[in-house]
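To start, the structure itself, in structure tokens.
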Amino acid sequence: MHRFIFLIACLVYSQSGLQAQEQATAKKIQVTGAVSLMNGSSEVGAQLSAQAGIELSKGWNVGLGSAIDYYYFRSVPVYVEVKKHFGNGPRRLFAFAATGVNLAWPTDEDQMKISRWNIIGEQNFRSGMYADIGIGYTLYNRHQRGLFTGLGYSVKTISESHIEQVWNGLTTSQTERKTDFTFSRVLIRIGYKF
Amino acid sequence: MRHTLTGSIIFLAMSMFLNSCFKDRFTEHYTFYRPVYMTKAEVRASARSSAPLAVSHPGKLFIKGNYIFLNEVDKGIHIIDFSIPSSPKNIAFIKIPGCVDMAVRGNFLYADCYTDLVTIDISDPTKAVVKQFIEGVFPHRAYASGFRADTSLIITAWKRVDTVVRSTVSGSPASWGGVLMADTRGLSSFSAASSPGVTNGTGGSMARFGLMEDRLYTVSWNDLKVFNTSNPSLPSFIKTLQFDQGDIETIFPYKDRLFIGSQSGMFIYDASNRDNPVKLGQFTHARACDPVVADDTHAYVTLRSNSRCTGFTNQLDVIDINTLSKPKLLKTYSLTEPAGLSKDGNLLFICDGKDGLKIYDATRPDNLIRLQTVGGMETYDVIAFNKIAVTVATDGLYIIDYSVPAQAKVTGKITMEKS
């Protein structure tokens, strides 16, 4: 019985120690959410993003982010982002850069954008890459939480392929048509750091 | 003020410089086929017999005497000697660019050369000689499913082009790409004997050419043309009859009637006045490809649906034509993917796609009895006469002996060479 109580006490003590460590670690994990307006030559689209990052020393942040990007073809960028804040205090400039993959997630309407009467079977969308770069400004409160804005340049790529019928002079034959898209946009971002 | 002006100039310069960085772009990889043209003079000079070529893309079929004339789609006509049915021999090839149809009257072959009608002397099939070109007979051949040929030239080949296109995205990318064209295989129409000393050959059910005595009838997408072939070496154009609708596909002359198949029905014309066929009656059916053969009392129409033919029907319709002005459906028989057909007496031959050639006792059209199926081939068209059924299939030309119909079997073959 005593041993049992002793074991339980050890378990409780070790758990509280871990929690203390986690609390110490958790202070450095920063979560942000943002909405961006993507302006390109084809259209104006939106991007909803969320990131979780760690604050390093001297104003550097690194984090992992994901988004739903509605520009032309819906996709899900998953990226690593680096930020550098300039100066001190709750209001300061920062520069950001991100790169990662752009996972294809087309809607039915997206598929109609490449609709052709001679398509056979399914259209296949393949993931590409994602990158953005820009500058921003924080509008934090004294607890280092609050709004921030950003202005930058964003690129995403995606590919589409399908089988189509073409006339070969005697009959129809089936060939593959593949299209690689590169979308270049100006992004205007507003977000909140929790 | 100066700083504002400087800042504005810098901003404008950057905007112009960066404008190109904000263009959405695409790179498209696709394949198309480009026509290779020859002038009409070059084509006419090349239309003559040559050494036999391997059968690669068999099309329509015509028989005259001991010779089978087998179309090589868009390239010309193979001449096959089948005087020994068990051993047919490919003896010569006549180059005719754009050829998909033909008929033979006496010693003269009539064929389409893309948009033109060519007459060729085949007194010696191995030494054919072009006698005449009539231009513009088949205008529908200049335009097919989105492709319009240069009508001053003739297409002699198609070249594959793998291409890469780079451009900017604006709304939706690239071109529609690709064209579709009707499948032009089939058999030439049946023809009766004509003026003394000059006989017409025997064709099948899927032709656009039909011979009736000394008249050649050709059907295009929506018209019927009449040619006088009393001088077989120099057919002369008589007139054009316009149909009320398009999608006309086949013509089958029988005695003094013309049975014309379209994708939506069968038309019966009285051609007792050879130069002025008059419409007698019409049988409408569901949308499908429909070659037709007929005898004195009934017409037999196969309805086929596939990627080209559209529709959802694969069947044989037997039509009572005792009253030509009011043809009526007698009975429908379900089939797999029927195409060409032929009739010899009370025997009905149907090419039923991958099922092969089916032979029926048609003594009672309302109760066809299948006697035999010759399988192992994907059949397309057939001419049956004098105990021999010459059948075009996807892998070659078959000679089938039906001396005993219930035991009909393949006795000879010319195999297609895959290209």
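If you're wondering about the labels, chains in the structure tokens are A, B, ... by order shown, residues count from 1 in each chain, ligands from 1 in order shown.
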At a cut-off of 12 Å, can you tabulate as a Markdown table every residue of chain A near chain B together with its closest atom pair and the distance in Å to one decimal, using only C-alpha atoms and ordering rows by chain then number?
| residue | atom | partner | partner_atom | distance |
| --- | --- | --- | --- | --- |
| A:Met38 | CA | B:Phe22 | CA | 10.9 |
| A:Asn39 | CA | B:Phe22 | CA | 8.6 |
| A:Gly40 | CA | B:Phe22 | CA | 6.0 |
| A:Ser41 | CA | B:Lys23 | CA | 5.4 |
| A:Ser42 | CA | B:Ser170 | CA | 5.4 |
| A:Glu43 | CA | B:Gly171 | CA | 8.1 |
| A:Val44 | CA | B:Gly171 | CA | 11.8 |
| A:Tyr71 | CA | B:Asp24 | CA | 10.8 |
| A:Tyr72 | CA | B:Gly171 | CA | 8.9 |
| A:Phe73 | CA | B:Ser172 | CA | 11.3 |
| A:Glu109 | CA | B:Ser172 | CA | 11.7 |
| A:Asp110 | CA | B:Ser172 | CA | 10.0 |
| A:Gln111 | CA | B:Ser172 | CA | 10.6 |
| A:Met112 | CA | B:Ser172 | CA | 9.1 |
| A:Lys113 | CA | B:Ser172 | CA | 5.5 |
| A:Ile114 | CA | B:Ser172 | CA | 6.4 |
| A:Ser115 | CA | B:Trp176 | CA | 8.4 |
| A:Arg116 | CA | B:Trp176 | CA | 5.8 |
| A:Trp117 | CA | B:Trp176 | CA | 7.6 |
| A:Asn118 | CA | B:Gly178 | CA | 6.9 |
| A:Ile119 | CA | B:Gly178 | CA | 9.4 |
| A:Ile120 | CA | B:Ser307 | CA | 11.2 |
| A:Gly152 | CA | B:Phe22 | CA | 11.6 |
| A:Tyr153 | CA | B:Phe22 | CA | 8.6 |
| A:Ser154 | CA | B:Phe22 | CA | 9.2 |
| A:Val155 | CA | B:Phe22 | CA | 9.0 |
| A:Lys156 | CA | B:Asp24 | CA | 9.8 |
| A:Thr157 | CA | B:Phe26 | CA | 9.4 |
| A:Ile158 | CA | B:Phe26 | CA | 9.6 |
| A:Ser159 | CA | B:Phe26 | CA | 9.1 |
| A:Glu160 | CA | B:Glu28 | CA | 9.5 |
| A:Ser161 | CA | B:His29 | CA | 9.2 |
| A:His162 | CA | B:Tyr30 | CA | 10.0 |
| A:Ile163 | CA | B:Tyr30 | CA | 9.8 |
| A:Glu164 | CA | B:Gly178 | CA | 7.5 |
| A:Gln165 | CA | B:Gly178 | CA | 6.3 |
| A:Val166 | CA | B:Gly178 | CA | 4.3 |
| A:Trp167 | CA | B:Val179 | CA | 5.1 |
| A:Asn168 | CA | B:Tyr33 | CA | 5.4 |
| A:Gly169 | CA | B:Trp158 | CA | 5.6 |
| A:Leu170 | CA | B:Val73 | CA | 6.8 |
| A:Thr171 | CA | B:Asp183 | CA | 6.3 |
| A:Thr172 | CA | B:Leu180 | CA | 6.3 |
| A:Ser173 | CA | B:Leu180 | CA | 9.3 |
| A:Gln174 | CA | B:Thr31 | CA | 9.3 |
| A:Thr175 | CA | B:Thr31 | CA | 6.5 |
| A:Glu176 | CA | B:Tyr30 | CA | 6.3 |
| A:Arg177 | CA | B:Tyr30 | CA | 4.5 |
| A:Lys178 | CA | B:His29 | CA | 5.1 |
| A:Thr179 | CA | B:Glu28 | CA | 4.2 |
| A:Asp180 | CA | B:Thr27 | CA | 5.1 |
| A:Phe181 | CA | B:Phe26 | CA | 4.4 |
| A:Thr182 | CA | B:Arg25 | CA | 5.2 |
| A:Phe183 | CA | B:Asp24 | CA | 4.5 |
| A:Ser184 | CA | B:Phe22 | CA | 4.8 |
| A:Arg185 | CA | B:Phe22 | CA | 5.7 |
| A:Val186 | CA | B:Phe22 | CA | 7.3 |
| A:Leu187 | CA | B:Phe22 | CA | 10.9 |
**Asked** Neighbours of Tyr380 in chain B within 7 Å (only C-alpha atoms; same-chain residues fewer than 2 positions away dropped), as a PyMOL selection string?
**Response** chain B and resi 339-340+351+353+378+392-393
**Message:** When DSSP is applied to the backbone of this structure, which of range 37-237 of chain B are assigned strand (DSSP E or B)? Write them out as a ChimeraX atom specification.
**Reply:** /B:37-39,49-50,58-64,67-72,76-81,89-95,102-105,108-113,116-121,129-134,143-144,147-148,153-168,189,200,202,204,209-212,215-219,223-228,236-237
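By only C-alpha atoms, and with residues fewer than 5 positions from Phe194 in chain A along its chain excluded, the set lying at most 6 Å from it is Val31, Thr32 and Arg145 of chain A.
Interatomic distance, CA of Gln282 in chain B against CA of Asp116 in chain B: 29.6 Å.
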**Prompt:** Do you have the CA of Lys127 in chain B-CA of Thr199 in chain B distance handy?
**Reply:** 20.2 Å
**Request:** Write down as a count of residues only the residues of chain A whose backbone DSSP state falls under alpha helix (DSSP H).
**Result:** 30
